[in-house]
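K.L.:
Have a peek at protein-v9.txt (compact mmCIF, C-alpha atoms).
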```txt
# COMPACT_ATOMS: atom_id res chain seq x y z
CA MET A 76 0.00 0.00 0.00
CA PRO A 77 1.54 3.30 -1.00
CA ARG A 78 2.06 5.67 1.91
CA ILE A 79 -0.39 8.49 1.43
CA ASN A 80 -0.11 12.03 2.67
CA PHE A 81 -0.32 12.48 6.45
CA HIS A 82 -3.03 15.12 6.27
CA GLN A 83 -5.10 12.95 3.98
CA GLN A 84 -4.84 10.14 6.51
CA LEU A 85 -5.81 12.53 9.29
CA ALA A 86 -8.81 13.67 7.23
CA ALA A 87 -9.79 10.03 6.60
CA LEU A 88 -9.60 9.37 10.35
CA LYS A 89 -11.91 12.31 11.00
CA ASP A 90 -14.36 11.11 8.35
CA LYS A 91 -14.48 7.66 9.90
CA LEU A 92 -14.99 9.10 13.38
CA LEU A 93 -17.78 11.28 12.01
CA ALA A 94 -19.47 8.21 10.51
CA MET A 95 -19.10 6.44 13.84
CA ALA A 96 -20.63 9.44 15.64
CA ALA A 97 -23.58 9.41 13.24
CA LEU A 98 -24.19 5.74 14.03
CA SER A 99 -24.03 6.30 17.79
CA GLN A 100 -26.35 9.26 17.65
CA GLN A 101 -28.79 7.35 15.44
CA ALA A 102 -28.74 4.33 17.75
CA LEU A 103 -29.51 6.51 20.75
CA GLU A 104 -32.32 8.44 19.08
CA LEU A 105 -33.90 5.29 17.64
CA SER A 106 -33.72 3.51 21.00
CA VAL A 107 -35.74 6.31 22.58
CA GLU A 108 -38.20 6.23 19.69
CA ALA A 109 -38.48 2.45 20.12
CA TYR A 110 -39.26 2.96 23.82
CA VAL A 111 -41.79 5.71 23.29
CA SER A 112 -43.62 3.83 20.54
CA ARG A 113 -42.96 0.35 22.05
CA ASP A 114 -41.61 -0.75 18.69
CA THR A 115 -39.79 -4.10 18.95
CA SER A 116 -38.57 -4.11 15.36
CA LEU A 117 -37.03 -0.67 15.84
CA ALA A 118 -35.37 -1.93 19.02
CA ASN A 119 -33.95 -4.85 17.03
CA HIS A 120 -32.67 -2.40 14.45
CA VAL A 121 -30.76 -0.60 17.23
CA LEU A 122 -29.05 -3.89 18.07
CA GLU A 123 -27.96 -4.15 14.42
CA ILE A 124 -26.59 -0.62 14.46
CA GLU A 125 -24.62 -1.53 17.58
CA GLN A 126 -22.82 -4.21 15.57
CA ALA A 127 -21.87 -1.56 13.02
CA ILE A 128 -20.69 0.75 15.82
CA ASN A 129 -18.45 -1.95 17.25
CA ALA A 130 -16.92 -2.58 13.82
CA ALA A 131 -16.42 1.16 13.28
CA GLU A 132 -14.77 1.49 16.69
CA THR A 133 -12.18 -1.13 15.75
CA THR A 134 -11.51 0.57 12.42
CA VAL A 135 -11.03 4.02 13.99
CA ASP A 136 -8.67 2.56 16.60
CA GLU A 137 -6.64 0.76 13.95
CA MET A 138 -6.41 3.89 11.77
CA ALA A 139 -5.27 5.92 14.78
CA TYR A 140 -2.68 3.29 15.78
CA GLU A 141 -1.41 3.19 12.21
CA LEU A 142 -0.96 6.96 12.15
CA LEU A 143 0.88 6.92 15.46
CA ALA A 144 3.08 3.99 14.50
CA LYS A 145 4.05 4.99 10.96
CA GLU A 146 4.16 8.76 11.12
CA GLN A 147 5.68 10.86 13.87
CA PRO A 148 2.86 13.28 14.46
CA MET A 149 3.74 16.70 15.92
CA ALA A 150 2.45 17.56 19.38
CA VAL A 151 -0.85 19.08 18.26
CA ASP A 152 -1.63 16.26 15.82
CA LEU A 153 -0.60 13.71 18.45
CA ARG A 154 -3.06 15.20 20.92
CA PHE A 155 -5.73 15.23 18.25
CA ILE A 156 -5.19 11.55 17.46
CA LEU A 157 -5.24 10.64 21.15
CA SER A 158 -8.46 12.63 21.49
CA VAL A 159 -9.92 10.64 18.62
CA ILE A 160 -9.07 7.38 20.42
CA LYS A 161 -10.81 8.57 23.58
CA ILE A 162 -13.80 9.98 21.74
CA ASN A 163 -14.09 6.73 19.83
CA GLY A 164 -14.44 4.91 23.15
CA ASP A 165 -17.11 7.34 24.34
CA LEU A 166 -19.08 6.93 21.11
CA GLU A 167 -18.98 3.17 21.51
CA ARG A 168 -20.31 3.54 25.04
CA ILE A 169 -23.14 5.74 23.80
CA GLY A 170 -23.96 2.80 21.52
CA ASP A 171 -23.92 0.54 24.60
CA GLN A 172 -26.45 2.78 26.35
CA ALA A 173 -28.67 2.69 23.26
CA THR A 174 -28.40 -1.09 23.26
CA GLY A 175 -29.35 -1.19 26.94
CA ILE A 176 -32.47 0.82 26.16
CA ALA A 177 -33.33 -1.34 23.14
CA ARG A 178 -32.97 -4.57 25.13
CA ARG A 179 -35.27 -3.22 27.80
CA VAL A 180 -37.85 -2.20 25.19
CA ILE A 181 -37.88 -5.76 23.87
CA LEU A 182 -38.48 -7.10 27.40
CA LEU A 183 -41.13 -4.48 28.14
CA ASN A 184 -43.11 -5.33 25.05
CA ALA A 185 -44.06 -8.65 26.57
CA GLN A 186 -46.08 -6.68 29.15
CA SER A 187 -49.24 -4.61 28.99
CA LEU A 188 -48.58 -0.90 28.69
CA ILE A 189 -48.82 1.50 31.65
CA ASP A 190 -48.86 5.23 30.96
CA LEU A 191 -46.06 6.94 32.91
CA PRO A 192 -45.91 10.66 33.77
CA ILE A 193 -42.57 11.35 32.05
CA ASP A 194 -41.32 12.75 28.73
CA MET A 195 -38.51 10.47 27.61
CA GLN A 196 -38.62 11.89 24.09
CA GLU A 197 -37.62 15.36 25.25
CA MET A 198 -34.75 13.97 27.30
CA GLY A 199 -33.59 11.77 24.40
CA GLY A 200 -33.77 14.75 22.04
CA LYS A 201 -31.53 16.77 24.33
CA VAL A 202 -28.96 13.99 24.49
CA GLY A 203 -29.03 13.72 20.69
CA VAL A 204 -28.24 17.44 20.43
CA MET A 205 -25.37 17.01 22.90
CA ILE A 206 -23.78 14.25 20.81
CA ARG A 207 -24.18 16.27 17.62
CA ARG A 208 -22.67 19.42 19.13
CA ALA A 209 -19.79 17.54 20.77
CA ILE A 210 -18.77 16.08 17.41
CA GLN A 211 -19.25 19.36 15.59
CA SER A 212 -17.06 21.08 18.17
CA LEU A 213 -14.35 18.51 17.45
CA LEU A 214 -14.53 18.97 13.71
CA GLU A 215 -14.49 22.75 13.97
CA ALA A 216 -12.08 22.91 16.92
CA ASP A 217 -14.71 25.06 18.61
CA ALA A 218 -14.21 25.13 22.40
CA LYS A 219 -17.16 27.46 22.87
CA LEU A 220 -19.56 25.04 21.19
CA ALA A 221 -18.07 22.27 23.31
CA GLU A 222 -18.83 24.31 26.43
CA SER A 223 -22.50 24.50 25.47
CA VAL A 224 -22.57 20.69 25.72
CA LEU A 225 -21.59 20.90 29.39
CA ALA A 226 -24.54 23.22 30.08
CA LEU A 227 -26.95 20.77 28.41
CA ASP A 228 -25.55 17.98 30.57
CA ASP A 229 -26.71 19.85 33.67
CA GLU A 230 -30.22 20.02 32.19
CA VAL A 231 -30.24 16.28 31.48
CA ASP A 232 -29.10 15.58 35.06
CA VAL A 233 -32.02 17.62 36.39
CA MET A 234 -34.45 15.75 34.11
CA ASN A 235 -33.08 12.40 35.21
CA ARG A 236 -33.51 13.27 38.87
CA ALA A 237 -37.06 14.49 38.21
CA VAL A 238 -37.95 11.20 36.48
CA GLN A 239 -36.65 9.29 39.48
CA THR A 240 -38.61 11.37 42.01
CA GLU A 241 -41.86 11.16 39.99
CA LEU A 242 -41.61 7.43 39.49
CA ILE A 243 -40.72 6.53 43.07
CA GLU A 244 -43.91 8.32 44.11
CA LEU A 245 -45.83 6.39 41.49
CA MET A 246 -44.38 3.08 42.68
CA GLN A 247 -45.53 3.84 46.21
CA ARG A 248 -49.03 4.80 45.07
CA GLN A 249 -49.39 2.01 42.48
CA PRO A 250 -47.15 -0.95 43.38
CA GLU A 251 -48.35 -2.84 40.29
CA SER A 252 -46.54 -0.22 38.16
CA SER A 253 -43.18 -0.91 39.89
CA GLU A 254 -41.61 -3.00 37.16
CA GLN A 255 -42.41 -0.61 34.32
CA ALA A 256 -41.57 2.42 36.42
CA LEU A 257 -38.21 0.86 37.25
CA SER A 258 -37.57 0.26 33.55
CA ALA A 259 -38.28 3.92 32.86
CA ILE A 260 -35.90 4.97 35.65
CA ILE A 261 -33.18 2.78 34.20
CA ILE A 262 -33.75 4.07 30.66
CA SER A 263 -33.58 7.61 32.00
CA ARG A 264 -30.25 6.70 33.60
CA ASN A 265 -29.06 5.22 30.30
CA LEU A 266 -29.79 8.58 28.70
CA GLU A 267 -28.04 10.42 31.50
CA ARG A 268 -24.99 8.22 30.96
CA ALA A 269 -25.04 8.78 27.22
CA ALA A 270 -25.10 12.51 28.06
CA ASP A 271 -22.05 11.99 30.28
CA HIS A 272 -20.20 10.42 27.36
CA ALA A 273 -21.12 13.37 25.13
CA THR A 274 -19.77 15.58 27.93
CA ASN A 275 -16.52 13.59 28.02
CA ILE A 276 -16.17 14.18 24.29
CA ALA A 277 -16.76 17.92 24.72
CA GLU A 278 -14.21 18.05 27.55
CA ASP A 279 -11.65 16.29 25.37
CA VAL A 280 -12.28 18.84 22.64
CA ILE A 281 -11.83 21.76 25.06
CA PHE A 282 -8.60 20.24 26.34
CA TRP A 283 -7.32 19.59 22.85
CA VAL A 284 -8.24 23.03 21.50
CA ARG A 285 -6.85 24.95 24.48
CA GLY A 286 -3.71 22.81 24.50
CA SER A 287 -2.94 23.64 20.88
CA ASP A 288 -1.82 27.00 19.60
CA VAL A 289 -3.84 29.08 17.18
CA ARG A 290 -1.79 28.36 14.08
CA HIS A 291 -2.09 24.64 14.51
CA LYS A 292 -5.78 25.00 15.21
CA LEU A 293 -6.25 26.93 11.98
CA SER A 294 -4.18 24.55 9.89
CA LEU A 295 -6.22 21.66 11.23
CA VAL A 296 -9.50 23.29 10.31
CA GLU A 297 -8.17 24.04 6.84
CA SER A 298 -7.11 20.46 6.31
CA ASP A 299 -10.74 19.32 6.42
CA MET B 231 14.82 17.68 33.24
CA PRO B 232 17.36 15.15 31.98
CA ARG B 233 15.95 12.63 29.53
CA ILE B 234 15.85 9.32 31.35
CA ASN B 235 15.90 5.88 29.84
CA PHE B 236 12.81 4.86 27.89
CA HIS B 237 12.31 1.65 29.82
CA GLN B 238 12.59 3.50 33.10
CA GLN B 239 9.89 5.88 31.92
CA LEU B 240 7.74 2.95 30.87
CA ALA B 241 8.24 1.36 34.29
CA ALA B 242 7.32 4.67 35.95
CA LEU B 243 4.14 4.79 33.86
CA LYS B 244 3.25 1.26 34.98
CA ASP B 245 3.89 2.15 38.63
CA LYS B 246 1.66 5.18 38.39
CA LEU B 247 -1.10 3.15 36.71
CA LEU B 248 -0.79 0.55 39.44
CA ALA B 249 -1.19 3.24 42.11
CA MET B 250 -4.23 4.53 40.24
CA ALA B 251 -5.68 1.01 40.09
CA ALA B 252 -5.17 0.59 43.84
CA LEU B 253 -7.10 3.81 44.46
CA SER B 254 -9.98 2.77 42.19
CA GLN B 255 -10.24 -0.65 43.75
CA GLN B 256 -10.12 0.84 47.26
CA ALA B 257 -12.80 3.40 46.41
CA LEU B 258 -15.08 0.68 45.10
CA GLU B 259 -14.59 -1.67 48.03
CA LEU B 260 -15.02 1.12 50.60
CA SER B 261 -18.17 2.37 48.88
CA VAL B 262 -19.75 -1.07 49.28
CA GLU B 263 -18.61 -1.23 52.89
CA ALA B 264 -20.11 2.24 53.45
CA TYR B 265 -23.40 1.00 52.00
CA VAL B 266 -23.50 -2.22 53.98
CA SER B 267 -22.64 -0.51 57.28
CA ARG B 268 -24.47 2.75 56.41
CA ASP B 269 -21.32 4.67 57.27
CA THR B 270 -21.51 8.30 56.15
CA SER B 271 -17.95 9.17 57.08
CA LEU B 272 -16.66 6.22 55.04
CA ALA B 273 -18.80 7.41 52.13
CA ASN B 274 -17.23 10.85 52.46
CA HIS B 275 -13.81 9.25 52.43
CA VAL B 276 -14.69 7.63 49.09
CA LEU B 277 -15.41 11.10 47.70
CA GLU B 278 -11.93 12.18 48.82
CA ILE B 279 -10.34 9.16 47.14
CA GLU B 280 -12.18 10.10 43.96
CA GLN B 281 -10.33 13.44 43.94
CA ALA B 282 -7.05 11.54 44.15
CA ILE B 283 -8.17 9.25 41.32
CA ASN B 284 -8.95 12.20 39.09
CA ALA B 285 -5.53 13.72 39.78
CA ALA B 286 -3.83 10.37 39.10
CA GLU B 287 -5.76 10.00 35.83
CA THR B 288 -4.39 13.32 34.59
CA THR B 289 -0.84 12.38 35.60
CA VAL B 290 -0.99 9.00 33.83
CA ASP B 291 -2.35 10.63 30.69
CA GLU B 292 0.36 13.26 30.71
CA MET B 293 3.10 10.66 31.26
CA ALA B 294 1.73 8.59 28.37
CA TYR B 295 1.51 11.65 26.08
CA GLU B 296 5.07 12.58 27.00
CA LEU B 297 6.33 9.13 26.11
CA LEU B 298 4.51 9.16 22.79
CA ALA B 299 5.61 12.69 21.92
CA LYS B 300 9.30 12.51 22.91
CA GLU B 301 10.20 8.91 22.19
CA GLN B 302 9.24 6.94 19.12
CA PRO B 303 7.99 3.78 20.76
CA MET B 304 8.12 0.56 18.74
CA ALA B 305 4.84 -1.10 17.79
CA VAL B 306 4.52 -3.27 20.89
CA ASP B 307 5.39 -0.44 23.29
CA LEU B 308 3.08 1.89 21.38
CA ARG B 309 0.20 -0.55 21.85
CA PHE B 310 1.08 -0.91 25.50
CA ILE B 311 1.04 2.86 26.03
CA LEU B 312 -2.27 3.18 24.20
CA SER B 313 -3.65 0.37 26.37
CA VAL B 314 -2.51 2.30 29.44
CA ILE B 315 -4.43 5.37 28.23
CA LYS B 316 -7.59 3.30 27.78
CA ILE B 317 -7.21 1.43 31.04
CA ASN B 318 -6.62 4.73 32.80
CA GLY B 319 -10.03 5.89 31.55
CA ASP B 320 -11.68 2.69 32.76
CA LEU B 321 -10.10 3.03 36.20
CA GLU B 322 -11.37 6.58 36.46
CA ARG B 323 -14.86 5.34 35.59
CA ILE B 324 -14.66 2.69 38.28
CA GLY B 325 -13.96 5.60 40.62
CA ASP B 326 -17.08 7.30 39.25
CA GLN B 327 -19.19 4.23 40.07
CA ALA B 328 -17.76 4.16 43.60
CA THR B 329 -18.63 7.84 43.93
CA GLY B 330 -22.17 7.16 42.73
CA ILE B 331 -22.54 4.51 45.44
CA ALA B 332 -21.03 6.78 48.12
CA ARG B 333 -23.36 9.68 47.21
CA ARG B 334 -26.35 7.38 47.46
CA VAL B 335 -25.21 6.08 50.86
CA ILE B 336 -25.08 9.68 52.12
CA LEU B 337 -28.64 10.28 50.88
CA LEU B 338 -29.88 6.96 52.29
CA ASN B 339 -28.54 7.71 55.74
CA ALA B 340 -31.15 10.40 56.17
CA GLN B 341 -33.76 7.59 56.15
CA SER B 342 -34.65 4.81 58.55
CA LEU B 343 -33.11 1.49 57.63
CA ILE B 344 -35.02 -1.29 55.85
CA ASP B 345 -33.48 -4.75 55.71
CA LEU B 346 -33.23 -5.92 52.09
CA PRO B 347 -32.89 -9.55 50.94
CA ILE B 348 -29.64 -9.06 49.03
CA ASP B 349 -25.89 -9.58 49.59
CA MET B 350 -24.16 -6.49 48.22
CA GLN B 351 -20.93 -7.37 50.01
CA GLU B 352 -20.48 -10.56 48.03
CA MET B 353 -21.12 -8.77 44.76
CA GLY B 354 -18.74 -5.95 45.70
CA GLY B 355 -16.08 -8.47 46.69
CA LYS B 356 -16.32 -10.14 43.30
CA VAL B 357 -15.92 -6.83 41.50
CA GLY B 358 -12.89 -6.03 43.66
CA VAL B 359 -11.29 -9.33 42.61
CA MET B 360 -12.03 -8.52 38.95
CA ILE B 361 -10.25 -5.16 39.17
CA ARG B 362 -7.26 -6.71 40.94
CA ARG B 363 -6.93 -9.54 38.41
CA ALA B 364 -7.36 -7.23 35.43
CA ILE B 365 -4.47 -5.06 36.61
CA GLN B 366 -2.32 -8.04 37.51
CA SER B 367 -2.91 -9.49 34.04
CA LEU B 368 -1.68 -6.21 32.57
CA LEU B 369 1.47 -6.13 34.69
CA GLU B 370 2.27 -9.76 33.97
CA ALA B 371 1.08 -9.72 30.34
CA ASP B 372 -1.06 -12.72 31.28
CA ALA B 373 -3.92 -13.22 28.81
CA LYS B 374 -5.16 -16.28 30.65
CA LEU B 375 -5.60 -14.37 33.89
CA ALA B 376 -7.36 -11.64 31.91
CA GLU B 377 -9.77 -14.24 30.55
CA SER B 378 -10.75 -15.27 34.08
CA VAL B 379 -11.99 -11.70 34.56
CA LEU B 380 -14.49 -12.18 31.73
CA ALA B 381 -15.90 -15.27 33.46
CA LEU B 382 -16.38 -13.33 36.72
CA ASP B 383 -18.19 -10.63 34.79
CA ASP B 384 -20.84 -13.16 33.79
CA GLU B 385 -21.30 -14.05 37.46
CA VAL B 386 -21.73 -10.39 38.41
CA ASP B 387 -24.29 -9.95 35.63
CA VAL B 388 -26.30 -12.85 37.02
CA MET B 389 -26.13 -11.40 40.55
CA ASN B 390 -27.24 -7.99 39.31
CA ARG B 391 -30.26 -9.47 37.55
CA ALA B 392 -31.16 -11.48 40.66
CA VAL B 393 -31.03 -8.33 42.82
CA GLN B 394 -33.35 -6.61 40.39
CA THR B 395 -35.87 -9.47 40.33
CA GLU B 396 -35.88 -9.83 44.14
CA LEU B 397 -36.32 -6.15 44.76
CA ILE B 398 -39.07 -5.58 42.20
CA GLU B 399 -41.06 -8.27 44.00
CA LEU B 400 -40.35 -6.57 47.32
CA MET B 401 -41.49 -3.20 45.93
CA GLN B 402 -44.77 -4.74 44.87
CA ARG B 403 -45.34 -6.42 48.24
CA GLN B 404 -44.11 -3.48 50.36
CA PRO B 405 -44.53 -0.22 48.44
CA GLU B 406 -43.06 1.73 51.37
CA SER B 407 -39.71 0.03 50.66
CA SER B 408 -39.65 1.32 47.06
CA GLU B 409 -37.16 4.13 47.54
CA GLN B 410 -34.59 2.04 49.41
CA ALA B 411 -35.10 -0.92 47.13
CA LEU B 412 -34.54 1.34 44.14
CA SER B 413 -31.31 2.62 45.71
CA ALA B 414 -30.13 -0.96 46.13
CA ILE B 415 -30.99 -1.73 42.49
CA ILE B 416 -29.01 1.29 41.35
CA ILE B 417 -26.03 0.43 43.57
CA SER B 418 -26.13 -3.09 42.16
CA ARG B 419 -26.02 -1.58 38.68
CA ASN B 420 -23.09 0.65 39.71
CA LEU B 421 -21.24 -2.53 40.69
CA GLU B 422 -22.21 -4.23 37.45
CA ARG B 423 -20.82 -1.24 35.52
CA ALA B 424 -17.61 -1.24 37.53
CA ALA B 425 -17.34 -4.92 36.57
CA ASP B 426 -17.81 -3.93 32.92
CA HIS B 427 -14.89 -1.52 33.21
CA ALA B 428 -12.72 -4.26 34.76
CA THR B 429 -13.78 -6.40 31.79
CA ASN B 430 -12.78 -3.65 29.36
CA ILE B 431 -9.35 -3.59 31.00
CA ALA B 432 -9.03 -7.36 30.70
CA GLU B 433 -10.07 -7.22 27.04
CA ASP B 434 -7.46 -4.54 26.36
CA VAL B 435 -4.84 -6.74 27.99
CA ILE B 436 -5.83 -9.75 25.88
CA PHE B 437 -5.70 -7.64 22.73
CA TRP B 438 -2.36 -6.17 23.67
CA VAL B 439 -0.78 -9.50 24.66
CA ARG B 440 -2.03 -11.38 21.61
CA GLY B 441 -1.07 -8.52 19.30
CA SER B 442 2.52 -8.58 20.51
CA ASP B 443 5.02 -11.32 19.78
CA VAL B 444 6.54 -13.50 22.46
CA ARG B 445 9.94 -11.83 22.60
CA HIS B 446 8.46 -8.42 23.15
CA LYS B 447 6.16 -9.84 25.75
CA LEU B 448 9.07 -11.37 27.61
CA SER B 449 11.20 -8.24 27.45
CA LEU B 450 8.32 -6.23 28.83
CA VAL B 451 7.84 -8.54 31.75
CA GLU B 452 11.56 -8.41 32.48
CA SER B 453 11.55 -4.62 32.47
CA ASP B 454 9.30 -4.56 35.52
```
Transcribe the structure of this file into structure tokens.
P.N.:
Amino acid sequence: MPRINFHQQLAALKDKLLAMAALSQQALELSVEAYVSRDTSLANHVLEIEQAINAAETTVDEMAYELLAKEQPMAVDLRFILSVIKINGDLERIGDQATGIARRVILLNAQSLIDLPIDMQEMGGKVGVMIRRAIQSLLEADAKLAESVLALDDEVDVMNRAVQTELIELMQRQPESSEQALSAIIISRNLERAADHATNIAEDVIFWVRGSDVRHKLSLVESD
Amino acid sequence: MPRINFHQQLAALKDKLLAMAALSQQALELSVEAYVSRDTSLANHVLEIEQAINAAETTVDEMAYELLAKEQPMAVDLRFILSVIKINGDLERIGDQATGIARRVILLNAQSLIDLPIDMQEMGGKVGVMIRRAIQSLLEADAKLAESVLALDDEVDVMNRAVQTELIELMQRQPESSEQALSAIIISRNLERAADHATNIAEDVIFWVRGSDVRHKLSLVESD
């Protein structure tokens, strides 16, 4: 295989990470949709996407290793590649949370439906935005955009705590709802964890951007 | 600072990771002890250890970056250093799970105690063993020992599911126990996630050991 230009390889790595991010975000959003609409086939589709995410994770890791092993990246590019490795892990874990939700949906669908006083769709939507912004902030080396992800994480934490409080009360009033209420609490925690992973990504971006000087930052944006 | 020998730096990195692992394992075991004995001051101590874990995580990352940036590690050492970076992240997340348990213990202690039909100590003990073995398998490049961690993870998964089933039944029979039962379910899940992180570490070790050839493996063990 001919050795291609370093910046082309770096751009290819970014493209692959972006594709991976799209899969993770899609898995998460579809898992919430599957829960809200109690759609088993959609939940099964999330499990398929998870397979693709796992394959993409391996590819991104291998590309990053290759770059580190064969080139001698300068400090700023080295930090970028190491950020990619970490972000890759966080994206895979977002996929895990989506899978957790999907598995629970499949179990739940064996039971009759109880209406719960929570809005999982809104919470899921917020987490989807966080993932999207975290990745955009990486691609544009935009620490300010990354910071907005941290603010959204606080909102998701508040929502998660509210779900828990509401549903504990419900369990006490209507013990027969306990199992489904518990599932909703756990799904809400899955979302909160996915939000934490988006936050990790944003923090890595802030660290990477602030650790690099302006020239390098600009040259990296231009190399897109 | 004089540039010291590469293998000395690698050994220093291992030592620091080992210290970090000891902190994470201690935090997890103490958090379970704090839960079982409802000991608020022990729970607060876990929160202090978490601060030390976060500081150690940063140090390990910086040492690994330094090694990658200033030396040009050969393939096997490169993979080892990248494994260290990943394992470092998993150890920090084990600390997060311990913190989650400790925070919940502090909240729980405001309430009167309900006796629950579960053995959290046994589950916590198993997770502690997993963390210890995962780190030992890294230090000794022992893929077989790492594989035994994966088997323990299956046991922890089974225990976690049993806790959930038991406690949902309890919630339905005794609605007034719902809040404390839910806390126990969530602590059980914290342990299950800590076990997942130990499993991630073991998987990284297996990958690293199998990806390296025997000579390199031997030389690495000797450099300890």
K.L.:
What are the residues of chain A lining chain B at 9 Å or less? Count all atoms listed in the file, and put the answer as a ChimeraX atom specification.
P.N.:
/A:140,143-144,147-150,153-154,157,160-161,164,243-244,246-254,257,261
K.L.:
Neighbouring residues of region 425-439 of chain B were defined as those with any atom within 7 Å, considering all atoms listed in the file; residues of the same chain fewer than 4 positions away were excluded. Please report them as a ChimeraX atom specification.
P.N.:
/B:309-310,313,317,320,324,357,360-361,364,367-368,371,373,376-377,379-380,383,421
K.L.:
What gap, in Å, lies between CA of Asp387 (chain B) and CA of Ala328 (chain B)?
P.N.:
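One can read the CA of Asp387 (chain B) to CA of Ala328 (chain B) distance as 17.5 Å.
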K.L.:
What's the separation between CA of Asn339 (chain B) and CA of Val233 (chain A), in Å to one decimal place?
P.N.:
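Result for CA of Asn339 (chain B) versus CA of Val233 (chain A): 22.0 Å, one decimal.
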K.L.:
Enter the distance from CA of Val159 (chain A) to CA of Met293 (chain B), in Å, rounded to one decimal.
P.N.:
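That distance, rounded to one decimal, is 18.1 Å.
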K.L.:
Point out the residue among B:Leu369, B:Ala286, B:Ala294, B:Leu248 with the least atom-to-atom distance to Phe236 (chain B), counting all atoms listed in the file.
P.N.:
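The closest residue to Phe236 (chain B) is B:Ala294.
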K.L.:
What would the list of residues within 9 Å of (-20.1, 8.2, 16.3) (file frame) look like as a list in words, if all atoms listed in the file are what count?
P.N.:
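These residues have at least one counted atom within 9 Å: Lys91, Leu92, Leu93, Ala94, Met95, Ala96, Ala97, Leu98, Ser99, Gln100, Gln101, Ile128, Ala131, Glu132, Ile162, Asn163, Asp165, Leu166, Glu167, Ile169, Gly170, Ile206 and Ile210 of chain A.
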K.L.:
Can you tell me, as an MDAnalysis selection string, what residues are no more than 12 Å from Gly200 (chain A) when counting all atoms listed in the file, ignoring any on the same chain fewer than 3 positions away?
P.N.:
chainID A and resid 100:101 103:108 194:197 203:207 227 230:231 266:267 269:270
K.L.:
Find, counting only C-alpha atoms, the residue in B:Val290, B:Ile348, B:Lys374, B:Gly330 that gets nearest to Leu243 (chain B).
P.N.:
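The answer is B:Val290, which sits nearest to Leu243 (chain B).
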K.L.:
Using all atoms listed in the file, what residues lie at most 12 Å away from (-14.4, 10.7, 54.1) (file coordinates), given as a VMD selection string?
P.N.:
chain B and resid 257 260 to 261 264 269 to 281 329 332 to 333 336
